$ cat upload09.cif   # mmCIF, C-alpha atoms
data_protein
loop_
_atom_site.label_atom_id
_atom_site.label_comp_id
_atom_site.auth_asym_id
_atom_site.auth_seq_id
_atom_site.Cartn_x
_atom_site.Cartn_y
_atom_site.Cartn_z
CA MET A 1 5.57 -8.25 37.57
CA LYS A 2 4.90 -10.33 34.45
CA LYS A 3 1.44 -11.94 34.64
CA SER A 4 1.22 -15.55 33.56
CA ILE A 5 -1.15 -16.62 30.82
CA GLN A 6 -4.13 -18.34 32.44
CA ASN A 7 -7.04 -20.21 30.90
CA ALA A 8 -9.31 -17.27 31.75
CA SER A 9 -6.92 -14.66 30.27
CA VAL A 10 -8.38 -12.48 27.50
CA PHE A 11 -6.39 -10.43 24.99
CA LYS A 12 -7.22 -7.82 22.40
CA ALA A 13 -5.39 -6.63 19.26
CA SER A 14 -3.61 -3.32 19.80
CA ASP A 15 -4.79 -0.17 18.01
CA ASP A 16 -1.19 0.32 16.86
CA VAL A 17 -1.18 -2.62 14.51
CA VAL A 18 -2.93 -3.16 11.19
CA SER A 19 -3.69 -6.69 10.11
CA LYS A 20 -4.86 -8.16 6.85
CA THR A 21 -5.58 -11.80 6.12
CA ILE A 22 -5.14 -13.08 2.58
CA GLU A 23 -5.52 -16.76 1.73
CA GLY A 24 -5.04 -17.91 5.31
CA THR A 25 -1.94 -15.80 6.00
CA THR A 26 -2.23 -12.74 8.22
CA MET A 27 0.15 -9.84 7.81
CA LEU A 28 0.74 -7.60 10.83
CA VAL A 29 2.16 -4.13 10.32
CA PRO A 30 3.05 -2.10 13.42
CA ILE A 31 2.20 1.61 13.26
CA ILE A 32 5.05 3.72 14.55
CA ALA A 33 4.56 7.50 14.77
CA GLY A 34 1.51 7.28 12.51
CA VAL A 35 3.32 5.34 9.77
CA GLY A 36 3.16 1.69 8.76
CA ASN A 37 6.52 0.84 7.23
CA LEU A 38 6.32 -1.98 4.69
CA ASP A 39 10.02 -1.49 3.96
CA ALA A 40 10.89 -2.53 7.52
CA GLU A 41 9.71 -5.53 9.53
CA ILE A 42 6.42 -7.16 8.62
CA PHE A 43 5.05 -10.03 10.64
CA GLN A 44 3.21 -12.94 9.11
CA LEU A 45 1.05 -15.51 10.83
CA ASN A 46 0.39 -18.91 9.31
CA GLU A 47 -3.10 -20.41 9.13
CA THR A 48 -3.19 -21.51 12.80
CA GLY A 49 -1.67 -18.22 13.95
CA SER A 50 -4.24 -16.35 11.88
CA ARG A 51 -7.04 -18.31 13.54
CA ILE A 52 -5.66 -17.44 16.99
CA TRP A 53 -5.27 -13.76 15.97
CA GLU A 54 -8.88 -13.72 14.80
CA MET A 55 -9.97 -14.75 18.29
CA MET A 56 -7.95 -12.00 20.04
CA ASP A 57 -11.11 -9.92 20.13
CA GLY A 58 -11.15 -8.82 23.75
CA LYS A 59 -13.88 -11.37 24.60
CA THR A 60 -12.55 -14.86 23.88
CA SER A 61 -10.53 -16.51 26.66
CA ILE A 62 -7.46 -18.69 26.14
CA GLU A 63 -9.54 -21.67 27.25
CA THR A 64 -12.12 -21.02 24.52
CA ILE A 65 -9.41 -20.46 21.88
CA VAL A 66 -7.81 -23.81 22.79
CA ALA A 67 -11.21 -25.55 22.73
CA CYS A 68 -12.01 -24.09 19.27
CA LEU A 69 -8.64 -25.16 17.87
CA CYS A 70 -9.05 -28.68 19.36
CA ASP A 71 -12.24 -29.00 17.28
CA GLU A 72 -10.52 -27.73 14.14
CA TYR A 73 -7.11 -29.44 14.31
CA ASP A 74 -5.97 -32.98 14.96
CA ALA A 75 -3.70 -32.33 17.96
CA SER A 76 -3.83 -32.74 21.73
CA ALA A 77 -5.25 -29.95 23.90
CA GLN A 78 -1.90 -29.75 25.71
CA ALA A 79 0.06 -29.24 22.45
CA ILE A 80 -2.43 -26.65 21.20
CA ARG A 81 -2.35 -24.75 24.51
CA GLU A 82 1.46 -24.62 24.37
CA ASP A 83 1.33 -23.20 20.82
CA VAL A 84 -1.32 -20.63 21.78
CA VAL A 85 0.63 -19.49 24.86
CA GLU A 86 3.86 -19.27 22.85
CA LEU A 87 2.21 -17.06 20.21
CA VAL A 88 0.47 -14.91 22.84
CA GLN A 89 3.82 -14.30 24.54
CA VAL A 90 5.44 -13.19 21.28
CA LEU A 91 2.48 -10.94 20.42
CA LEU A 92 2.56 -9.41 23.93
CA GLU A 93 6.30 -8.82 23.66
CA LYS A 94 5.83 -7.04 20.32
CA GLN A 95 2.90 -5.09 21.85
CA PHE A 96 0.58 -6.33 19.10
CA ILE A 97 -1.97 -7.33 21.75
CA SER A 98 -2.91 -6.13 25.20
CA ARG A 99 -4.35 -7.98 28.16
CA ILE A 100 -7.99 -7.39 29.01
CA LEU A 101 -8.31 -9.98 31.81
CA MET B 1 5.08 -16.30 13.50
CA SER B 2 7.64 -15.23 10.99
CA ALA B 3 9.00 -11.72 10.73
CA GLY B 4 11.40 -9.69 8.71
CA ARG B 5 11.78 -7.80 5.50
CA MET B 6 9.44 -9.77 3.34
CA THR B 7 8.47 -9.15 -0.22
CA ILE B 8 4.73 -8.80 -0.37
CA GLN B 9 3.40 -8.75 -3.88
CA GLY B 10 0.19 -8.60 -5.83
CA GLN B 11 -3.11 -8.57 -4.07
CA ALA B 12 -1.60 -8.93 -0.56
CA PHE B 13 0.54 -5.84 -1.12
CA SER B 14 -2.36 -3.73 -2.38
CA ALA B 15 -4.65 -5.04 0.37
CA ILE B 16 -2.31 -4.15 3.25
CA ILE B 17 -1.71 -0.65 1.84
CA ASP B 18 -5.46 -0.16 1.45
CA ALA B 19 -6.04 -1.37 5.04
CA LEU B 20 -3.44 1.06 6.42
CA ILE B 21 -4.76 4.05 4.45
CA ARG B 22 -8.36 3.23 5.44
CA LYS B 23 -7.25 3.29 9.08
CA GLY B 24 -6.04 6.84 8.47
CA VAL B 25 -2.32 6.12 8.74
CA SER B 26 0.48 6.75 6.27
CA VAL B 27 2.40 3.89 4.75
CA LYS B 28 5.99 3.64 3.54
CA PHE B 29 7.03 1.23 0.81
CA ARG B 30 9.66 0.73 -1.89
CA VAL B 31 8.61 1.47 -5.46
CA ASN B 32 9.56 -0.17 -8.71
CA GLY B 33 9.19 1.39 -12.16
CA THR B 34 10.22 4.21 -14.45
CA SER B 35 6.92 5.92 -15.25
CA MET B 36 7.52 8.74 -12.74
CA LEU B 37 11.10 9.55 -13.72
CA PRO B 38 12.88 11.78 -12.88
CA GLY B 39 10.91 12.51 -9.70
CA ILE B 40 10.51 8.96 -8.44
CA ARG B 41 13.01 6.21 -9.25
CA THR B 42 13.09 2.44 -8.76
CA GLY B 43 14.22 1.71 -5.22
CA ASP B 44 12.90 4.95 -3.73
CA VAL B 45 10.86 4.59 -0.56
CA ILE B 46 7.72 6.67 -0.76
CA GLN B 47 5.33 7.68 1.97
CA LEU B 48 1.70 7.46 0.95
CA SER B 49 -0.80 9.37 3.09
CA PRO B 50 -4.61 9.42 3.26
CA PHE B 51 -6.38 12.58 2.08
CA GLN B 52 -8.32 12.93 5.37
CA GLY B 53 -10.89 15.53 4.40
CA ARG B 54 -9.05 17.33 1.64
CA PHE B 55 -9.64 16.68 -2.05
CA PRO B 56 -6.90 15.62 -4.48
CA GLU B 57 -5.27 18.66 -6.08
CA LEU B 58 -3.74 19.39 -9.46
CA GLY B 59 -0.13 18.20 -9.41
CA ASP B 60 -0.60 15.73 -6.56
CA VAL B 61 1.25 12.45 -7.07
CA VAL B 62 -1.42 9.95 -6.11
CA ALA B 63 -1.93 6.21 -5.77
CA ARG B 64 -4.72 4.29 -7.41
CA MET B 65 -5.56 0.61 -7.54
CA ALA B 66 -4.97 -1.12 -10.87
CA ASP B 67 -5.35 -4.58 -12.46
CA SER B 68 -8.39 -5.50 -10.31
CA HIS B 69 -6.62 -4.55 -7.07
CA GLN B 70 -3.51 -6.59 -7.99
CA SER B 71 -1.21 -3.56 -8.08
CA ILE B 72 -0.93 0.10 -7.12
CA VAL B 73 -0.03 2.79 -9.63
CA ILE B 74 1.66 6.00 -8.44
CA HIS B 75 1.09 8.77 -11.01
CA ARG B 76 0.35 12.51 -11.18
CA ILE B 77 -2.95 14.39 -11.51
CA ILE B 78 -2.42 16.60 -14.57
CA LYS B 79 -5.99 17.83 -15.06
CA ILE B 80 -9.18 18.02 -13.04
CA GLN B 81 -12.39 17.68 -15.03
CA LYS B 82 -16.05 17.26 -14.16
CA GLN B 83 -15.83 13.59 -15.11
CA GLY B 84 -12.84 12.92 -12.88
CA TYR B 85 -9.10 13.28 -12.44
CA LEU B 86 -6.78 12.88 -15.45
CA ILE B 87 -3.80 10.89 -14.20
CA LYS B 88 -0.49 10.31 -15.96
CA GLY B 89 3.02 9.04 -15.29
CA ASP B 90 5.50 11.95 -15.71
CA SER B 91 7.71 10.06 -18.17
CA LEU B 92 4.89 8.47 -20.18
CA PHE B 93 3.51 9.76 -23.48
CA LYS B 94 -0.08 8.84 -22.72
CA ALA B 95 -2.34 9.52 -19.75
CA ASP B 96 -3.77 6.57 -17.79
CA GLY B 97 -7.26 8.01 -18.16
CA LEU B 98 -9.92 9.69 -16.04
CA PHE B 99 -10.49 8.40 -12.53
CA HIS B 100 -13.09 9.13 -9.88
CA ARG B 101 -12.17 10.29 -6.38
CA GLU B 102 -13.04 6.84 -4.95
CA SER B 103 -10.33 5.12 -6.98
CA ILE B 104 -7.61 7.42 -5.63
CA ILE B 105 -6.46 6.00 -2.29
CA GLY B 106 -3.80 8.46 -1.16
CA PHE B 107 -1.08 10.94 -2.09
CA VAL B 108 2.71 10.83 -1.95
CA SER B 109 3.76 12.92 1.05
CA GLY B 110 7.43 12.00 1.11
CA ILE B 111 10.22 10.36 -0.88
CA GLN B 112 13.35 8.77 0.55
CA ARG B 113 16.30 7.96 -1.69
CA GLU B 114 19.31 6.15 -0.24
CA ASN B 115 18.34 7.24 3.30
CA ARG B 116 18.02 10.86 2.15
CA GLU B 117 14.73 12.79 2.17
CA ILE B 118 13.79 14.26 -1.21
CA LEU B 119 11.97 17.55 -0.80
CA LEU B 120 8.54 17.75 -2.39
CA ASP B 121 8.59 21.31 -3.62
CA LYS B 122 5.05 22.62 -4.21
CA ALA B 123 6.47 25.43 -6.34
CA LYS B 124 7.78 22.89 -8.85
CA ARG B 125 4.35 21.36 -9.36
CA LYS B 126 3.40 23.67 -12.24
CA ARG B 127 6.64 22.80 -14.02
CA ASP B 128 6.06 19.08 -13.46
CA ILE B 129 2.49 19.27 -14.81
CA LEU B 130 3.69 21.25 -17.85
CA LEU B 131 6.48 18.76 -18.58
CA SER B 132 4.12 15.84 -18.17
CA THR B 133 1.50 17.40 -20.47
CA TYR B 134 4.19 18.39 -23.02
CA ARG B 135 5.02 14.70 -23.45
CA ILE B 136 1.43 14.03 -24.58
CA PHE B 137 1.78 16.87 -27.12
CA CYS B 138 5.08 15.37 -28.36
CA PHE B 139 3.43 11.97 -28.67
CA HIS B 140 0.59 13.36 -30.80
CA ARG B 141 3.03 15.30 -33.03
CA LEU B 142 5.12 12.19 -33.52
CA ALA B 143 2.00 10.13 -34.27
CA ASP B 144 0.89 12.75 -36.85
CA ARG B 145 4.29 12.63 -38.58
CA VAL B 146 4.28 8.83 -38.70
CA ARG B 147 0.75 8.95 -40.16
CA LYS B 148 1.83 11.44 -42.85
CA VAL B 149 4.97 9.46 -43.76
CA TRP B 150 2.91 6.29 -43.88
CA ALA B 151 0.30 7.92 -46.10
CA LEU B 152 3.03 9.03 -48.54
CA ALA B 153 4.68 5.63 -48.50
CA VAL B 154 1.50 3.74 -49.34
CA LYS B 155 0.18 6.34 -51.84
CA PRO B 156 -0.14 4.69 -55.23
CA SER B 157 2.22 6.28 -57.76
CA LYS B 158 0.54 7.75 -60.84
#

$ encode --input "upload09.cif" --output "structure tokens"
Amino acid sequence: MKKSIQNASVFKASDDVVSKTIEGTTMLVPIIAGVGNLDAEIFQLNETGSRIWEMMDGKTSIETIVACLCDEYDASAQAIREDVVELVQVLLEKQFISRIL
Amino acid sequence: MSAGRMTIQGQAFSAIIDALIRKGVSVKFRVNGTSMLPGIRTGDVIQLSPFQGRFPELGDVVARMADSHQSIVIHRIIKIQKQGYLIKGDSLFKADGLFHRESIIGFVSGIQRENREILLDKAKRKRDILLSTYRIFCFHRLADRVRKVWALAVKPSK
């Protein structure tokens, strides 16, 4: 059964993805059979996405991520939480992150 | 999050390749240039792999960072000296110079052309090194001739 994303949920970047952040943009390259293919799909996260990715460290909860972003951006906690959950769902679907809690 | 076949250039391109190689994984990407003709052509997809314990060998086609990490150059090791590795593009007349082990990030372990794998024949390495070195010899001979012709042309007539 698919677990919902709670405030206490914690996620961690998968070992099968390599990320690199340059000037606020994070590139994510999946490693398939020991090879990162730059000629195929590459995923890019904008500045906010990069900030969320940075906090996918296996320790920081969704609640803390939302609180941090509320301090940094001029948006409501509700809107930020929706954005965070949406990105987490995509990253989970692509297996770029795994659930710790 | 955006995804797809994006063109990464410059520092971002070099940085992601470096990050993948440092993690110990191979990386595939499309190359652009003519300096490694006929072996590697524009549009070929090469697979770059980390050395992982072994040292670069004579004849290896290797990648090194260039232009202050703004680009990656894929050329061949044509000589190994105490001071470093002499690296050169197969179709060029001049070598790039001597480089230390630390500046070589990986070696070409595969080439794909139009969805077809190009075999990297180790037996052909000697021939490739010879051809590459022969071009330097040709360049020096040509330079000598130009120098001689020039000297005759500017020689004051008595």

$ residues_around --input "upload09.cif" --residues "Lys20 (chain A)" --least-positions-apart "3" --cutoff "8 Å" --atoms "all atoms listed in the file" --output "PDB file with C-alpha atoms, keeping the file's coordinate frame"
ATOM      1  CA  THR A  26      -2.230 -12.740   8.220  1.00  0.00           C
ATOM      2  CA  MET A  27       0.150  -9.840   7.810  1.00  0.00           C
ATOM      3  CA  LEU A  28       0.740  -7.600  10.830  1.00  0.00           C
TER       4      LEU A  28
ATOM      5  CA  ALA B  15      -4.650  -5.040   0.370  1.00  0.00           C
ATOM      6  CA  ILE B  16      -2.310  -4.150   3.250  1.00  0.00           C
ATOM      7  CA  ALA B  19      -6.040  -1.370   5.040  1.00  0.00           C
TER       8      ALA B  19
END

$ residues_around --input "upload09.cif" --residues "Pro30 (chain A)" --least-positions-apart "2" --cutoff "7 Å" --atoms "all atoms listed in the file" --output "MDAnalysis selection string"
chainID A and resid 16:18 28 32 36

$ residues_around --input "upload09.cif" --residues "Asn7 (chain A)" --least-positions-apart "4" --cutoff "9 Å" --atoms "only C-alpha atoms" --output "JSON, numbers by chain"
{"A": [61, 62, 63, 64, 66]}

$ residues_around --input "upload09.cif" --residues "Arg127 (chain B)" --least-positions-apart "5" --cutoff "12 Å" --atoms "only C-alpha atoms" --output "list of chain:residue names"
B:Gly39, B:Leu58, B:Gly59, B:Ile78, B:Asp90, B:Asp121, B:Lys122, B:Ser132, B:Thr133, B:Tyr134

$ resolve_selection --input "upload09.cif" --expression "the PyMOL selection byres ((chain A) within 12 of (chain B))" --output "PDB file with C-alpha atoms, keeping the file's coordinate frame"
ATOM      1  CA  ASP A  15      -4.790  -0.170  18.010  1.00  0.00           C
ATOM      2  CA  ASP A  16      -1.190   0.320  16.860  1.00  0.00           C
ATOM      3  CA  VAL A  17      -1.180  -2.620  14.510  1.00  0.00           C
ATOM      4  CA  VAL A  18      -2.930  -3.160  11.190  1.00  0.00           C
ATOM      5  CA  SER A  19      -3.690  -6.690  10.110  1.00  0.00           C
ATOM      6  CA  LYS A  20      -4.860  -8.160   6.850  1.00  0.00           C
ATOM      7  CA  THR A  21      -5.580 -11.800   6.120  1.00  0.00           C
ATOM      8  CA  ILE A  22      -5.140 -13.080   2.580  1.00  0.00           C
ATOM      9  CA  GLU A  23      -5.520 -16.760   1.730  1.00  0.00           C
ATOM     10  CA  GLY A  24      -5.040 -17.910   5.310  1.00  0.00           C
ATOM     11  CA  THR A  25      -1.940 -15.800   6.000  1.00  0.00           C
ATOM     12  CA  THR A  26      -2.230 -12.740   8.220  1.00  0.00           C
ATOM     13  CA  MET A  27       0.150  -9.840   7.810  1.00  0.00           C
ATOM     14  CA  LEU A  28       0.740  -7.600  10.830  1.00  0.00           C
ATOM     15  CA  VAL A  29       2.160  -4.130  10.320  1.00  0.00           C
ATOM     16  CA  PRO A  30       3.050  -2.100  13.420  1.00  0.00           C
ATOM     17  CA  ILE A  31       2.200   1.610  13.260  1.00  0.00           C
ATOM     18  CA  ILE A  32       5.050   3.720  14.550  1.00  0.00           C
ATOM     19  CA  ALA A  33       4.560   7.500  14.770  1.00  0.00           C
ATOM     20  CA  GLY A  34       1.510   7.280  12.510  1.00  0.00           C
ATOM     21  CA  VAL A  35       3.320   5.340   9.770  1.00  0.00           C
ATOM     22  CA  GLY A  36       3.160   1.690   8.760  1.00  0.00           C
ATOM     23  CA  ASN A  37       6.520   0.840   7.230  1.00  0.00           C
ATOM     24  CA  LEU A  38       6.320  -1.980   4.690  1.00  0.00           C
ATOM     25  CA  ASP A  39      10.020  -1.490   3.960  1.00  0.00           C
ATOM     26  CA  ALA A  40      10.890  -2.530   7.520  1.00  0.00           C
ATOM     27  CA  GLU A  41       9.710  -5.530   9.530  1.00  0.00           C
ATOM     28  CA  ILE A  42       6.420  -7.160   8.620  1.00  0.00           C
ATOM     29  CA  PHE A  43       5.050 -10.030  10.640  1.00  0.00           C
ATOM     30  CA  GLN A  44       3.210 -12.940   9.110  1.00  0.00           C
ATOM     31  CA  LEU A  45       1.050 -15.510  10.830  1.00  0.00           C
ATOM     32  CA  ASN A  46       0.390 -18.910   9.310  1.00  0.00           C
ATOM     33  CA  GLU A  47      -3.100 -20.410   9.130  1.00  0.00           C
ATOM     34  CA  THR A  48      -3.190 -21.510  12.800  1.00  0.00           C
ATOM     35  CA  GLY A  49      -1.670 -18.220  13.950  1.00  0.00           C
ATOM     36  CA  SER A  50      -4.240 -16.350  11.880  1.00  0.00           C
ATOM     37  CA  ILE A  52      -5.660 -17.440  16.990  1.00  0.00           C
ATOM     38  CA  TRP A  53      -5.270 -13.760  15.970  1.00  0.00           C
ATOM     39  CA  ASP A  83       1.330 -23.200  20.820  1.00  0.00           C
ATOM     40  CA  VAL A  84      -1.320 -20.630  21.780  1.00  0.00           C
ATOM     41  CA  GLU A  86       3.860 -19.270  22.850  1.00  0.00           C
ATOM     42  CA  LEU A  87       2.210 -17.060  20.210  1.00  0.00           C
ATOM     43  CA  VAL A  88       0.470 -14.910  22.840  1.00  0.00           C
ATOM     44  CA  GLN A  89       3.820 -14.300  24.540  1.00  0.00           C
ATOM     45  CA  VAL A  90       5.440 -13.190  21.280  1.00  0.00           C
ATOM     46  CA  LEU A  91       2.480 -10.940  20.420  1.00  0.00           C
ATOM     47  CA  LYS A  94       5.830  -7.040  20.320  1.00  0.00           C
TER      48      LYS A  94
END

$ atom_distance --input "upload09.cif" --atom1 "CA of Asp57 (chain A)" --atom2 "CA of Lys12 (chain A)"
5.0 Å

$ residues_around --input "upload09.cif" --residues "Ile104 (chain B)" --least-positions-apart "6" --cutoff "9 Å" --atoms "all atoms listed in the file" --output "MDAnalysis selection string"
chainID B and resid 56 62:65

$ atom_distance --input "upload09.cif" --atom1 "CA of Leu120 (chain B)" --atom2 "CA of Arg76 (chain B)"
13.1 Å

$ resolve_selection --input "upload09.cif" --expression "the PyMOL selection byres ((chain B and resi 98) around 8)" --output "ChimeraX atom specification"
/B:83-87,96-97,99-100

$ atom_distance --input "upload09.cif" --atom1 "CA of Ser103 (chain B)" --atom2 "CA of His69 (chain B)"
10.4 Å

$ resolve_selection --input "upload09.cif" --expression "the PyMOL selection byres ((chain B and resi 35) around 9)" --output "PyMOL selection string"
chain B and resi 33-34+36-38+40-41+74-75+88-92

$ write_last_selection --input "upload09.cif" --atoms "C-alpha atoms" --output "JSON list (two decimals), in the frame of the given file"
[["chain", "number", "residue", "atom", "x", "y", "z"],
["B", 33, "GLY", "CA", 9.19, 1.39, -12.16],
["B", 34, "THR", "CA", 10.22, 4.21, -14.45],
["B", 36, "MET", "CA", 7.52, 8.74, -12.74],
["B", 37, "LEU", "CA", 11.10, 9.55, -13.72],
["B", 38, "PRO", "CA", 12.88, 11.78, -12.88],
["B", 40, "ILE", "CA", 10.51, 8.96, -8.44],
["B", 41, "ARG", "CA", 13.01, 6.21, -9.25],
["B", 74, "ILE", "CA", 1.66, 6.00, -8.44],
["B", 75, "HIS", "CA", 1.09, 8.77, -11.01],
["B", 88, "LYS", "CA", -0.49, 10.31, -15.96],
["B", 89, "GLY", "CA", 3.02, 9.04, -15.29],
["B", 90, "ASP", "CA", 5.50, 11.95, -15.71],
["B", 91, "SER", "CA", 7.71, 10.06, -18.17],
["B", 92, "LEU", "CA", 4.89, 8.47, -20.18]]

$ build_atoms --input "upload09.cif" --residues "region 83-92 of chain B" --atoms "all heavy atoms" --output "mmCIF file, keeping the file's coordinate frame"
data_model
loop_
_atom_site.group_PDB
_atom_site.id
_atom_site.type_symbol
_atom_site.label_atom_id
_atom_site.label_comp_id
_atom_site.auth_asym_id
_atom_site.auth_seq_id
_atom_site.Cartn_x
_atom_site.Cartn_y
_atom_site.Cartn_z
ATOM 1 N N GLN B 83 -15.681 15.051 -15.068
ATOM 2 C CA GLN B 83 -15.830 13.590 -15.110
ATOM 3 C C GLN B 83 -14.828 12.861 -14.204
ATOM 4 O O GLN B 83 -14.974 11.674 -13.964
ATOM 5 C CB GLN B 83 -15.650 13.060 -16.539
ATOM 6 C CG GLN B 83 -16.576 13.692 -17.550
ATOM 7 C CD GLN B 83 -15.911 14.869 -18.259
ATOM 8 O OE1 GLN B 83 -15.336 15.749 -17.615
ATOM 9 N NE2 GLN B 83 -16.003 14.891 -19.570
ATOM 10 N N GLY B 84 -13.819 13.565 -13.758
ATOM 11 C CA GLY B 84 -12.840 12.920 -12.880
ATOM 12 C C GLY B 84 -11.453 13.541 -12.994
ATOM 13 O O GLY B 84 -11.278 14.635 -13.530
ATOM 14 N N TYR B 85 -10.485 12.805 -12.471
ATOM 15 C CA TYR B 85 -9.100 13.280 -12.440
ATOM 16 C C TYR B 85 -8.310 12.612 -13.572
ATOM 17 O O TYR B 85 -8.325 11.384 -13.674
ATOM 18 C CB TYR B 85 -8.454 12.931 -11.113
ATOM 19 C CG TYR B 85 -9.121 13.596 -9.931
ATOM 20 C CD1 TYR B 85 -10.190 12.990 -9.271
ATOM 21 C CD2 TYR B 85 -8.692 14.840 -9.483
ATOM 22 C CE1 TYR B 85 -10.804 13.605 -8.187
ATOM 23 C CE2 TYR B 85 -9.299 15.456 -8.403
ATOM 24 C CZ TYR B 85 -10.351 14.833 -7.762
ATOM 25 O OH TYR B 85 -10.957 15.453 -6.692
ATOM 26 N N LEU B 86 -7.618 13.440 -14.384
ATOM 27 C CA LEU B 86 -6.780 12.880 -15.450
ATOM 28 C C LEU B 86 -5.411 12.597 -14.823
ATOM 29 O O LEU B 86 -4.751 13.500 -14.303
ATOM 30 C CB LEU B 86 -6.664 13.860 -16.616
ATOM 31 C CG LEU B 86 -5.923 13.331 -17.844
ATOM 32 C CD1 LEU B 86 -6.693 12.190 -18.505
ATOM 33 C CD2 LEU B 86 -5.695 14.428 -18.882
ATOM 34 N N ILE B 87 -5.027 11.333 -14.880
ATOM 35 C CA ILE B 87 -3.800 10.890 -14.200
ATOM 36 C C ILE B 87 -2.800 10.372 -15.229
ATOM 37 O O ILE B 87 -3.176 9.700 -16.185
ATOM 38 C CB ILE B 87 -4.153 9.798 -13.148
ATOM 39 C CG1 ILE B 87 -5.006 10.434 -12.041
ATOM 40 C CG2 ILE B 87 -2.919 9.155 -12.564
ATOM 41 C CD1 ILE B 87 -5.517 9.475 -11.002
ATOM 42 N N LYS B 88 -1.516 10.694 -14.988
ATOM 43 C CA LYS B 88 -0.490 10.310 -15.960
ATOM 44 C C LYS B 88 0.872 10.126 -15.276
ATOM 45 O O LYS B 88 1.199 10.857 -14.338
ATOM 46 C CB LYS B 88 -0.395 11.402 -17.022
ATOM 47 C CG LYS B 88 0.627 11.155 -18.110
ATOM 48 C CD LYS B 88 0.727 12.357 -19.021
ATOM 49 C CE LYS B 88 1.946 12.238 -19.914
ATOM 50 N NZ LYS B 88 3.214 12.330 -19.174
ATOM 51 N N GLY B 89 1.648 9.197 -15.751
ATOM 52 C CA GLY B 89 3.020 9.040 -15.290
ATOM 53 C C GLY B 89 3.866 10.128 -15.936
ATOM 54 O O GLY B 89 3.715 10.360 -17.141
ATOM 55 N N ASP B 90 4.731 10.802 -15.187
ATOM 56 C CA ASP B 90 5.500 11.950 -15.710
ATOM 57 C C ASP B 90 6.312 11.604 -16.964
ATOM 58 O O ASP B 90 6.479 12.446 -17.840
ATOM 59 C CB ASP B 90 6.449 12.480 -14.629
ATOM 60 C CG ASP B 90 5.717 13.336 -13.614
ATOM 61 O OD1 ASP B 90 4.506 13.613 -13.830
ATOM 62 O OD2 ASP B 90 6.347 13.724 -12.610
ATOM 63 N N SER B 91 6.844 10.379 -17.040
ATOM 64 C CA SER B 91 7.710 10.060 -18.170
ATOM 65 C C SER B 91 6.963 9.345 -19.303
ATOM 66 O O SER B 91 7.582 8.937 -20.283
ATOM 67 C CB SER B 91 8.887 9.200 -17.703
ATOM 68 O OG SER B 91 8.416 7.941 -17.313
ATOM 69 N N LEU B 92 5.655 9.186 -19.149
ATOM 70 C CA LEU B 92 4.890 8.470 -20.180
ATOM 71 C C LEU B 92 4.333 9.445 -21.218
ATOM 72 O O LEU B 92 4.140 10.631 -20.929
ATOM 73 C CB LEU B 92 3.737 7.682 -19.542
ATOM 74 C CG LEU B 92 4.141 6.639 -18.492
ATOM 75 C CD1 LEU B 92 2.903 5.954 -17.939
ATOM 76 C CD2 LEU B 92 5.091 5.606 -19.074
#
